[in-house]
Amino acid sequence: MKNLIYSFFLLSSSYVFSSTYIYTSSYIDVVDLKIIKNSTIVVDDKLISSIDRGFIKVPDGSELIDLRGHTLMPGLMDMHVHFGQEYLSKSERPAKVERETSAILATQHALKTLKAGFTTVRQVGDRGMVAISLRDAINSGQLTGPSIFTSGKSIATTGGHADPTNGLASGDYSYPTAEDGVINGPYDAYAAVRQRYKDGADGIKLTVTGGVLSVAKSGDNPQFTEEEVVSVVKAAKDYGMWVAVHAHGAEGMKRAVIAGVNSVEHGTFMTEEVMDLMIKNGTYYVPTISAGEFVAEKAKIDNYFPDIVRPKAASVGPQIAATFAKAYKRGVKIAFGTDAGVQAHGTNWREFVYMSENGMPPIETIKAATIETAKLLSIDLTHGSITVGKVADLVAVKGNPLDDMYLMQNISFVMKGGENVFSD
Ligand SMILES: [Zn+2]
């Protein structure tokens, strides 16, 4: 890439002309689902200021980035990550982990994710204030990473998925409160949401059914009453926060979709009834096929998971891809999300391969990771497509990934907010 970039500086002037010209032989229009050939995209400061047909002359003092031979697309977005963690098998797990470890690792994971082409992520679930602190450090320019939207710590019910004291001896913990993210009853729901608002979270993550990796027996039972989930949604709406729900079983999903949540994560045992409710309510499905494939693969290894987790991992894993295929075909809105942090960060590209293998045309997988995710985050007026006036979050891949989705692992260029942050 070094040879592809030509910079011209006005050495004698104190005025720095900040336009960047990008030559692209093909870019993906994720709104009209087509490839646009041979264009020049001009970036002024943070924004796309013009898009012209052909390769227009670059004025003196402006920078040219020549991406001919690459495919340019809007910055990718992953709606389900957990910076600060990656699942380790029983034998790989250190005997003790300091709470600061997660924060330190998160900075690395964020950088890896940005270099993988993801300029925006949503972190749904956290051990503490890691994603909130990281978001602020990135937004203020102290660290390099994707823009983060986060729920802070997930909200669970006692013994449910994301109760942080699951698996501990009863004498070894004090009872977690609503502020800690464990609620019982509608009143607690308000206390928990308000605490997250105070913490500075952008939205709410609820674990409305059991989970695969939690140290508990059921992976799919409902874990919130109708009243509890309705209260969370009402409280979240008062504060302008979105609600994302972790759900494997259909009953928990149904209660959440009826209550008006914004997205269902994993959705493993989603029934046609739930799909139709989601279509009716405009609820997004964030499939996380990558996590399903990862846990199913690891469940084959003896002692990788605790005994209580292994059967859940084996059955839930393969089901997610099948559910995605059905939901897509039926017309449920899909937003790209991987659950990176179960599997390794930076491998988010695999989700494009899994989605296309399960019936979604390649160009629609890119749409699901750009304009659809922007809509889910309510940032589609400023992000999510290559459009004049929008923020210049742009990524490129050498060759044409629509012919071979595996090319998505070779991101050659990342621009975030008009700044060239990575080129290979
Ligand atoms: Zn997750």
# chains A, B, ... in the order shown; residues from 1 in each chain; ligands from 1

$ closest_atom_pairs --of "segment 344-414 of chain A" --to "segment 318-336 of chain A" --cutoff "7 Å" --atoms "only C-alpha atoms" --output "Markdown table"
| residue | atom | partner | partner_atom | distance |
| --- | --- | --- | --- | --- |
| A:Asn358 | CA | A:Ala325 | CA | 5.2 |
| A:Gly359 | CA | A:Ala325 | CA | 5.9 |
| A:Ala368 | CA | A:Ala335 | CA | 4.9 |
| A:Ala369 | CA | A:Phe336 | CA | 4.8 |
| A:Glu372 | CA | A:Ala335 | CA | 5.7 |
| A:Thr373 | CA | A:Ala335 | CA | 5.3 |

$ closest_atom_pairs --of "chain A" --to "ligand 1" --cutoff "7 Å" --atoms "only C-alpha atoms and all ligand atoms" --output "JSON lines"
{"residue": "A:His80", "atom": "CA", "partner": "ligand 1", "partner_atom_place_in_ligand_line": "1 (Zn)", "distance": 6.1}
{"residue": "A:Val81", "atom": "CA", "partner": "ligand 1", "partner_atom_place_in_ligand_line": "1 (Zn)", "distance": 6.4}
{"residue": "A:His82", "atom": "CA", "partner": "ligand 1", "partner_atom_place_in_ligand_line": "1 (Zn)", "distance": 6.5}
{"residue": "A:Val124", "atom": "CA", "partner": "ligand 1", "partner_atom_place_in_ligand_line": "1 (Zn)", "distance": 6.4}
{"residue": "A:Gly125", "atom": "CA", "partner": "ligand 1", "partner_atom_place_in_ligand_line": "1 (Zn)", "distance": 6.7}
{"residue": "A:Asp339", "atom": "CA", "partner": "ligand 1", "partner_atom_place_in_ligand_line": "1 (Zn)", "distance": 4.8}

$ residues_around --residues "segment 374-388 of chain A" --least-positions-apart "5" --cutoff "7 Å" --atoms "only C-alpha atoms" --output "NGL selection string"
:A and (29-30 or 48-51 or 74)

$ residues_around --residues "Asp52 of chain A" --least-positions-apart "4" --cutoff "10 Å" --atoms "only C-alpha atoms" --output "list of chain:residue names"
A:Tyr23, A:Asn38, A:Ser39, A:Thr40, A:Ile41, A:Val42, A:Ile56

$ select_by_dssp --residues "segment 137-309 of chain A" --states "alpha helix (DSSP H)" --output "number ranges by chain"
A: 137-139, 186-199, 226-238, 250-259, 272-281, 289-298

$ write_last_selection --atoms "C-alpha atoms" --output "PDB file, in the first residue's frame"
ATOM      1  CA  ALA A 137     -10.695   6.900  25.529  1.00  0.00           C
ATOM      2  CA  ILE A 138     -11.186   6.117  21.823  1.00  0.00           C
ATOM      3  CA  ASN A 139     -13.688   8.944  21.286  1.00  0.00           C
ATOM      4  CA  PRO A 186     -40.181  -4.906  37.861  1.00  0.00           C
ATOM      5  CA  TYR A 187     -38.998  -2.504  40.574  1.00  0.00           C
ATOM      6  CA  ASP A 188     -35.466  -3.917  40.345  1.00  0.00           C
ATOM      7  CA  ALA A 189     -35.626  -3.545  36.562  1.00  0.00           C
ATOM      8  CA  TYR A 190     -35.845   0.226  36.915  1.00  0.00           C
ATOM      9  CA  ALA A 191     -33.005   0.311  39.450  1.00  0.00           C
ATOM     10  CA  ALA A 192     -30.773  -1.705  37.112  1.00  0.00           C
ATOM     11  CA  VAL A 193     -31.519   0.411  34.018  1.00  0.00           C
ATOM     12  CA  ARG A 194     -31.016   3.648  35.926  1.00  0.00           C
ATOM     13  CA  GLN A 195     -27.663   2.432  37.235  1.00  0.00           C
ATOM     14  CA  ARG A 196     -26.538   1.737  33.670  1.00  0.00           C
ATOM     15  CA  TYR A 197     -27.702   5.193  32.630  1.00  0.00           C
ATOM     16  CA  LYS A 198     -25.635   6.615  35.487  1.00  0.00           C
ATOM     17  CA  ASP A 199     -22.658   4.491  34.413  1.00  0.00           C
ATOM     18  CA  GLU A 226     -43.185 -10.744  31.073  1.00  0.00           C
ATOM     19  CA  GLU A 227     -43.479  -7.998  33.700  1.00  0.00           C
ATOM     20  CA  GLU A 228     -39.725  -7.836  34.199  1.00  0.00           C
ATOM     21  CA  VAL A 229     -38.861  -7.549  30.521  1.00  0.00           C
ATOM     22  CA  VAL A 230     -41.621  -4.978  29.915  1.00  0.00           C
ATOM     23  CA  SER A 231     -40.276  -2.908  32.829  1.00  0.00           C
ATOM     24  CA  VAL A 232     -36.736  -2.993  31.471  1.00  0.00           C
ATOM     25  CA  VAL A 233     -37.901  -1.861  28.033  1.00  0.00           C
ATOM     26  CA  LYS A 234     -40.060   0.923  29.490  1.00  0.00           C
ATOM     27  CA  ALA A 235     -37.244   2.158  31.716  1.00  0.00           C
ATOM     28  CA  ALA A 236     -34.733   1.992  28.835  1.00  0.00           C
ATOM     29  CA  LYS A 237     -37.065   4.013  26.583  1.00  0.00           C
ATOM     30  CA  ASP A 238     -37.338   6.716  29.269  1.00  0.00           C
ATOM     31  CA  ALA A 250     -38.408 -19.335  22.020  1.00  0.00           C
ATOM     32  CA  GLU A 251     -40.499 -18.411  25.064  1.00  0.00           C
ATOM     33  CA  GLY A 252     -37.972 -15.898  26.412  1.00  0.00           C
ATOM     34  CA  MET A 253     -37.560 -14.411  22.922  1.00  0.00           C
ATOM     35  CA  LYS A 254     -41.298 -14.102  22.455  1.00  0.00           C
ATOM     36  CA  ARG A 255     -41.756 -12.177  25.704  1.00  0.00           C
ATOM     37  CA  ALA A 256     -38.903  -9.844  24.758  1.00  0.00           C
ATOM     38  CA  VAL A 257     -40.081  -9.187  21.198  1.00  0.00           C
ATOM     39  CA  ILE A 258     -43.612  -8.432  22.415  1.00  0.00           C
ATOM     40  CA  ALA A 259     -42.144  -6.056  25.027  1.00  0.00           C
ATOM     41  CA  GLU A 272     -41.771 -19.275  13.031  1.00  0.00           C
ATOM     42  CA  GLU A 273     -44.153 -17.575  15.461  1.00  0.00           C
ATOM     43  CA  VAL A 274     -41.263 -15.556  16.926  1.00  0.00           C
ATOM     44  CA  MET A 275     -39.915 -14.746  13.439  1.00  0.00           C
ATOM     45  CA  ASP A 276     -43.306 -13.368  12.418  1.00  0.00           C
ATOM     46  CA  LEU A 277     -43.523 -11.295  15.601  1.00  0.00           C
ATOM     47  CA  MET A 278     -40.057  -9.889  14.866  1.00  0.00           C
ATOM     48  CA  ILE A 279     -41.070  -9.000  11.307  1.00  0.00           C
ATOM     49  CA  LYS A 280     -44.216  -7.302  12.637  1.00  0.00           C
ATOM     50  CA  ASN A 281     -42.337  -5.318  15.302  1.00  0.00           C
ATOM     51  CA  ILE A 289     -23.182 -17.892  13.863  1.00  0.00           C
ATOM     52  CA  SER A 290     -19.427 -17.616  14.518  1.00  0.00           C
ATOM     53  CA  ALA A 291     -19.901 -18.245  18.239  1.00  0.00           C
ATOM     54  CA  GLY A 292     -22.191 -21.189  17.502  1.00  0.00           C
ATOM     55  CA  GLU A 293     -19.606 -22.762  15.212  1.00  0.00           C
ATOM     56  CA  PHE A 294     -16.849 -22.123  17.752  1.00  0.00           C
ATOM     57  CA  VAL A 295     -18.576 -23.736  20.740  1.00  0.00           C
ATOM     58  CA  ALA A 296     -19.816 -26.706  18.679  1.00  0.00           C
ATOM     59  CA  GLU A 297     -16.250 -27.366  17.505  1.00  0.00           C
ATOM     60  CA  LYS A 298     -14.774 -27.048  21.010  1.00  0.00           C
TER      61      LYS A 298
END

$ residues_around --residues "Glu98 of chain A" --least-positions-apart "5" --cutoff "12 Å" --atoms "only C-alpha atoms" --output "list of chain:residue names"
A:Gly84, A:Ala103, A:Ile104, A:Leu105, A:Arg127

$ atom_distance --atom1 "atom CA of Thr119 of chain A" --atom2 "atom CA of Leu76 of chain A"
5.8 Å

$ closest_atom_pairs --of "segment 32-124 of chain A" --to "segment 146-153 of chain A" --cutoff "12 Å" --atoms "only C-alpha atoms" --output "tab-separated table"
residue	atom	partner	partner_atom	distance
A:Gly75	CA	A:Pro146	CA	9.6
A:Leu76	CA	A:Pro146	CA	9.7
A:Met77	CA	A:Pro146	CA	8.8
A:Asp78	CA	A:Ile148	CA	9.9
A:Met79	CA	A:Phe149	CA	8.8
A:His80	CA	A:Thr150	CA	9.6
A:Val81	CA	A:Thr150	CA	9.5
A:His82	CA	A:Thr150	CA	9.6
A:Phe83	CA	A:Ile148	CA	10.1
A:Ala106	CA	A:Pro146	CA	11.6
A:Thr107	CA	A:Pro146	CA	10.4
A:Gln108	CA	A:Pro146	CA	11.5
A:His109	CA	A:Pro146	CA	10.1
A:Ala110	CA	A:Pro146	CA	6.4
A:Leu111	CA	A:Pro146	CA	7.5
A:Lys112	CA	A:Pro146	CA	9.5
A:Thr113	CA	A:Pro146	CA	7.3
A:Leu114	CA	A:Pro146	CA	5.4
A:Lys115	CA	A:Pro146	CA	9.1
A:Ala116	CA	A:Pro146	CA	10.2
A:Gly117	CA	A:Pro146	CA	9.0
A:Phe118	CA	A:Pro146	CA	6.4
A:Thr119	CA	A:Pro146	CA	4.4
A:Thr120	CA	A:Ser147	CA	4.5
A:Val121	CA	A:Ile148	CA	5.1
A:Arg122	CA	A:Phe149	CA	4.6
A:Gln123	CA	A:Thr150	CA	4.6
A:Val124	CA	A:Ser151	CA	5.3

$ atom_distance --atom1 "atom CA of Trp349 of chain A" --atom2 "atom CA of Gly337 of chain A"
10.2 Å

$ closest_residue --among "A:Thr20, A:Ser102, A:Thr207, A:Asn166" --to "Lys57 of chain A" --atoms "only C-alpha atoms"
A:Thr20
